[in-house]
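Asks: Dumping the structure here so I can ask a few things about it.
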Amino acid sequence: MPIEANAYRRAWAAWLPAALPLLENEEYAAAFKSFPSPELAALPFRPAPARAERRIALITTAGAYDAQTQAPFAAGSAIGDVTHRVFPTELPDARIALRHGHYDPAAANADVEVLLPRRTLRDAGAVLTANVISTMGYCIDWPSFIEQTVPQLVAQVRADRATCALLVPV
Amino acid sequence: MCHQTVRLVAEALEFDGIATAVVGTMRGMLKGLPRVIVTPYDRGQNFGPAGDTAEHAAVIAEALALFDASEPVFRDHKSSPA
């Protein structure tokens with residue numbers, strides 16, 4: 001990882017005490033005014049694999065999960081949720097639930113393709129991996145997200161033998 | 001936060017050799033990523049209105065085409081006429 005997480009965690013921990021009451025009062029602009037961002041290395045452009053080698057992982061921050069087998073995300077938490085869910089790409093629409101709290105899920109509840117376009121991708125000829133990965137994008141604990149969640153997501157993408165990823169932030 | 005955390009994930013994947021494309025709605029938070037389409041829809045319906053399969057297909061076609069690019073792409077998707 002190009003991020004020196006321990007230094008970043010110190011900066012984030014210094015920010016949190018004053019921000020937490022603001023977050024609890026949903027005063028997000030004030031809370032995030034001084035939110036510390038990690039220093040990231042410059043991202044070089046690398047071409048994608050040839051079409052025949054493209055195997056796409058679908059990743060969203062929509063707070064999607066399998067309503068029959070997985071716990072909802074902690075949408076009510078002032079600091080959000082750093083966990084993630086992995087569920088089969090072939091999961092029926094009716095089993096996909098959304099828990100986030102910071103966007104209106106009405107459109108996705110009516111038609112999950114607006115956020116997880118699995119059918120549309122297949123109809124376009126895309127080859128998808130076996131699993132969809134979701135986080136809940138309202139996640140304030142960035143040090144934990146960077147140190148724990150992101151490596152797990154990358155490992156899942158690798159395990160699913162993806163060569164490409166389509167990311168859908170909400 | 002959602003778009004920003006996706007940025008963290010995209011950067012980690014790119015550094016690990018996985019090519020990424022992002023379809024988002026908040027353009028200011030996605031600059032600097034290698035392949036981005038910004039759609040004009042509300043948060044929570046990145047690929048277009050519910051039930052609008054033609055629009056979903058149009059956005060997906062643009063998103064898949066991003067993987068053919070030989071240089072960074074940051075593009076606004078124009079919604080299809082109703």
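Simple scheme: letters A, B, ... for chains in structure tokens order, numbers from 1 for residues in each chain, numbers from 1 for ligands in the order shown.
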What parts of chain B does DSSP call strand (DSSP E or B)? I'd like the answer as a PyMOL selection string.
Replies: chain B and resi 19-24+35-38+73-76
Asks: When you get a sec, could you note down which chain B residues fall within 9 Å of chain A, using only C-alpha atoms, as a VMD selection string?
Replies: chain B and resid 1 to 26 32 to 34 42 to 53 56 to 57 60 to 61 63 to 64 66 to 72
Asks: Write to file, as a tab-separated table (two decimals), in the first residue's frame, the residues of the selection just made, with C-alpha atoms.
Replies:
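What ended up in again_18.tsv:
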chain	number	residue	atom	x	y	z
B	1	MET	CA	-17.71	9.96	1.77
B	2	CYS	CA	-18.91	7.24	-0.62
B	3	HIS	CA	-17.15	8.65	-3.61
B	4	GLN	CA	-14.06	9.30	-1.54
B	5	THR	CA	-13.89	5.77	-0.15
B	6	VAL	CA	-14.32	4.41	-3.67
B	7	ARG	CA	-11.31	6.47	-4.56
B	8	LEU	CA	-9.28	4.64	-1.88
B	9	VAL	CA	-10.44	1.28	-3.23
B	10	ALA	CA	-9.77	2.22	-6.85
B	11	GLU	CA	-6.26	3.38	-6.07
B	12	ALA	CA	-5.45	0.17	-4.17
B	13	LEU	CA	-6.80	-1.97	-7.01
B	14	GLU	CA	-4.89	-0.03	-9.64
B	15	PHE	CA	-1.67	-0.40	-7.66
B	16	ASP	CA	-2.40	-4.12	-7.50
B	17	GLY	CA	-2.76	-4.30	-11.29
B	18	ILE	CA	-6.56	-4.37	-11.49
B	19	ALA	CA	-7.91	-1.88	-14.04
B	20	THR	CA	-10.74	0.18	-12.60
B	21	ALA	CA	-13.61	2.19	-14.02
B	22	VAL	CA	-15.90	4.33	-11.90
B	23	VAL	CA	-19.49	5.36	-12.68
B	24	GLY	CA	-20.32	8.09	-10.21
B	25	THR	CA	-22.52	11.12	-9.76
B	26	MET	CA	-20.24	13.50	-7.82
B	32	GLY	CA	-7.40	11.85	-10.83
B	33	LEU	CA	-8.77	8.35	-11.22
B	34	PRO	CA	-7.92	6.65	-14.51
B	42	ASP	CA	-29.26	11.67	-8.25
B	43	ARG	CA	-27.16	9.71	-5.80
B	44	GLY	CA	-28.45	6.18	-5.64
B	45	GLN	CA	-29.30	5.82	-9.31
B	46	ASN	CA	-25.94	6.07	-11.01
B	47	PHE	CA	-27.06	4.19	-14.13
B	48	GLY	CA	-30.26	6.13	-14.67
B	49	PRO	CA	-33.85	6.05	-13.51
B	50	ALA	CA	-35.44	2.81	-12.30
B	51	GLY	CA	-36.80	0.78	-15.17
B	52	ASP	CA	-34.99	2.75	-17.86
B	53	THR	CA	-33.19	-0.22	-19.35
B	56	HIS	CA	-28.75	1.69	-18.13
B	57	ALA	CA	-27.41	0.01	-21.27
B	60	ILE	CA	-22.82	0.50	-19.27
B	61	ALA	CA	-21.67	0.71	-22.88
B	63	ALA	CA	-18.35	2.28	-18.88
B	64	LEU	CA	-17.13	-0.83	-20.67
B	66	LEU	CA	-13.43	2.97	-20.70
B	67	PHE	CA	-11.40	-0.23	-20.51
B	68	ASP	CA	-10.38	0.28	-24.14
B	69	ALA	CA	-8.83	3.67	-23.40
B	70	SER	CA	-5.11	4.17	-23.81
B	71	GLU	CA	-5.03	7.22	-21.56
B	72	PRO	CA	-7.05	8.51	-18.60
Asks: Near Leu98 in chain A, within 7 Å and counting only C-alpha atoms, which residues show up once chain neighbours fewer than 4 positions away are dropped, as a list in words?
Replies: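 In the requested form, the answer reads Ala62, Gly63, Ala64 and Tyr65 of chain A.
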Asks: Those same residues, written as a compact mmCIF listing (two decimals), in the first residue's frame with C-alpha atoms?
Replies:
# COMPACT_ATOMS: atom_id res chain seq x y z
CA ALA A 62 -24.38 1.30 -1.75
CA GLY A 63 -24.64 -0.73 1.45
CA ALA A 64 -25.92 -3.78 -0.42
CA TYR A 65 -26.16 -7.17 1.24
Asks: Given the choices B:Leu30, B:Val59, B:Ala54, B:Val38, which gets closest to Arg75 in chain B if the distance is worked out from only C-alpha atoms?
Replies: B:Val38
Asks: Report the distance between CA of Val86 in chain A and CA of Ser134 in chain A in Å, rounded to one decimal place.
Replies: 6.5 Å
Asks: Name the residues of chain B that come out as alpha helix (DSSP H) in a backbone DSSP run; write them as a ChimeraX atom specification.
Replies: /B:2-15,53-66
Asks: Could you dump the residues just selected with N, CA and C atoms as a CSV table (one decimal), in the first residue's frame?
Replies:
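Final output, saved to result-v9.csv:
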chain,number,residue,atom,x,y,z
B,2,CYS,N,-18.9,8.4,0.2
B,2,CYS,CA,-18.9,7.2,-0.6
B,2,CYS,C,-18.0,7.3,-1.8
B,3,HIS,N,-18.0,8.5,-2.5
B,3,HIS,CA,-17.2,8.6,-3.6
B,3,HIS,C,-15.7,8.7,-3.2
B,4,GLN,N,-15.4,9.2,-2.0
B,4,GLN,CA,-14.1,9.3,-1.5
B,4,GLN,C,-13.5,7.9,-1.1
B,5,THR,N,-14.4,7.1,-0.5
B,5,THR,CA,-13.9,5.8,-0.2
B,5,THR,C,-13.7,4.9,-1.4
B,6,VAL,N,-14.5,5.1,-2.4
B,6,VAL,CA,-14.3,4.4,-3.7
B,6,VAL,C,-13.0,4.8,-4.3
B,7,ARG,N,-12.6,6.0,-4.1
B,7,ARG,CA,-11.3,6.5,-4.6
B,7,ARG,C,-10.2,5.7,-3.9
B,8,LEU,N,-10.3,5.4,-2.6
B,8,LEU,CA,-9.3,4.6,-1.9
B,8,LEU,C,-9.2,3.2,-2.4
B,9,VAL,N,-10.4,2.7,-2.7
B,9,VAL,CA,-10.4,1.3,-3.2
B,9,VAL,C,-9.9,1.2,-4.6
B,10,ALA,N,-10.3,2.2,-5.5
B,10,ALA,CA,-9.8,2.2,-6.8
B,10,ALA,C,-8.2,2.3,-6.9
B,11,GLU,N,-7.7,3.2,-6.0
B,11,GLU,CA,-6.3,3.4,-6.1
B,11,GLU,C,-5.5,2.1,-5.6
B,12,ALA,N,-6.1,1.4,-4.6
B,12,ALA,CA,-5.4,0.2,-4.2
B,12,ALA,C,-5.5,-0.9,-5.3
B,13,LEU,N,-6.7,-1.0,-5.9
B,13,LEU,CA,-6.8,-2.0,-7.0
B,13,LEU,C,-5.9,-1.7,-8.2
B,14,GLU,N,-5.8,-0.4,-8.5
B,14,GLU,CA,-4.9,0.0,-9.6
B,14,GLU,C,-3.4,-0.4,-9.3
B,15,PHE,N,-3.0,-0.1,-8.1
B,15,PHE,CA,-1.7,-0.4,-7.7
B,15,PHE,C,-1.4,-1.9,-7.6
B,53,THR,N,-34.2,0.7,-18.9
B,53,THR,CA,-33.2,-0.2,-19.3
B,53,THR,C,-32.3,0.3,-20.5
B,54,ALA,N,-32.9,1.1,-21.3
B,54,ALA,CA,-32.1,1.7,-22.4
B,54,ALA,C,-31.0,2.6,-21.9
B,55,GLU,N,-31.4,3.4,-20.9
B,55,GLU,CA,-30.4,4.3,-20.3
B,55,GLU,C,-29.3,3.5,-19.6
B,56,HIS,N,-29.7,2.5,-18.8
B,56,HIS,CA,-28.8,1.7,-18.1
B,56,HIS,C,-27.8,1.1,-19.1
B,57,ALA,N,-28.3,0.6,-20.3
B,57,ALA,CA,-27.4,0.0,-21.3
B,57,ALA,C,-26.5,1.0,-21.9
B,58,ALA,N,-27.0,2.3,-22.0
B,58,ALA,CA,-26.1,3.3,-22.6
B,58,ALA,C,-25.0,3.7,-21.7
B,59,VAL,N,-25.3,3.7,-20.4
B,59,VAL,CA,-24.2,4.0,-19.4
B,59,VAL,C,-23.2,2.9,-19.3
B,60,ILE,N,-23.7,1.7,-19.3
B,60,ILE,CA,-22.8,0.5,-19.3
B,60,ILE,C,-21.9,0.4,-20.5
B,61,ALA,N,-22.5,0.7,-21.7
B,61,ALA,CA,-21.7,0.7,-22.9
B,61,ALA,C,-20.5,1.7,-22.8
B,62,GLU,N,-20.8,2.9,-22.2
B,62,GLU,CA,-19.7,3.9,-22.0
B,62,GLU,C,-18.7,3.4,-21.0
B,63,ALA,N,-19.2,2.8,-19.9
B,63,ALA,CA,-18.3,2.3,-18.9
B,63,ALA,C,-17.4,1.2,-19.4
B,64,LEU,N,-18.0,0.3,-20.1
B,64,LEU,CA,-17.1,-0.8,-20.7
B,64,LEU,C,-16.1,-0.3,-21.7
B,65,ALA,N,-16.5,0.7,-22.4
B,65,ALA,CA,-15.6,1.3,-23.4
B,65,ALA,C,-14.4,2.0,-22.7
B,66,LEU,N,-14.5,2.4,-21.4
B,66,LEU,CA,-13.4,3.0,-20.7
B,66,LEU,C,-12.2,2.0,-20.6
Asks: Just give me the gap between CA of Trp15 in chain A and CA of Ala78 in chain A in Å, one decimal is fine.
Replies: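 These atoms are spaced 14.5 Å apart.
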Asks: May I have the residues within 8 Å of range 93-95 of chain A as a ChimeraX atom specification, using only C-alpha atoms and disregarding those fewer than 5 positions away in the same chain?
Replies: /A:66-68,112
Asks: Could you state the separation of CA of Phe73 in chain A and CA of Arg99 in chain A in Å, given to one decimal place?
Replies: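 Between CA of Phe73 in chain A and CA of Arg99 in chain A the gap works out to 5.7 Å.
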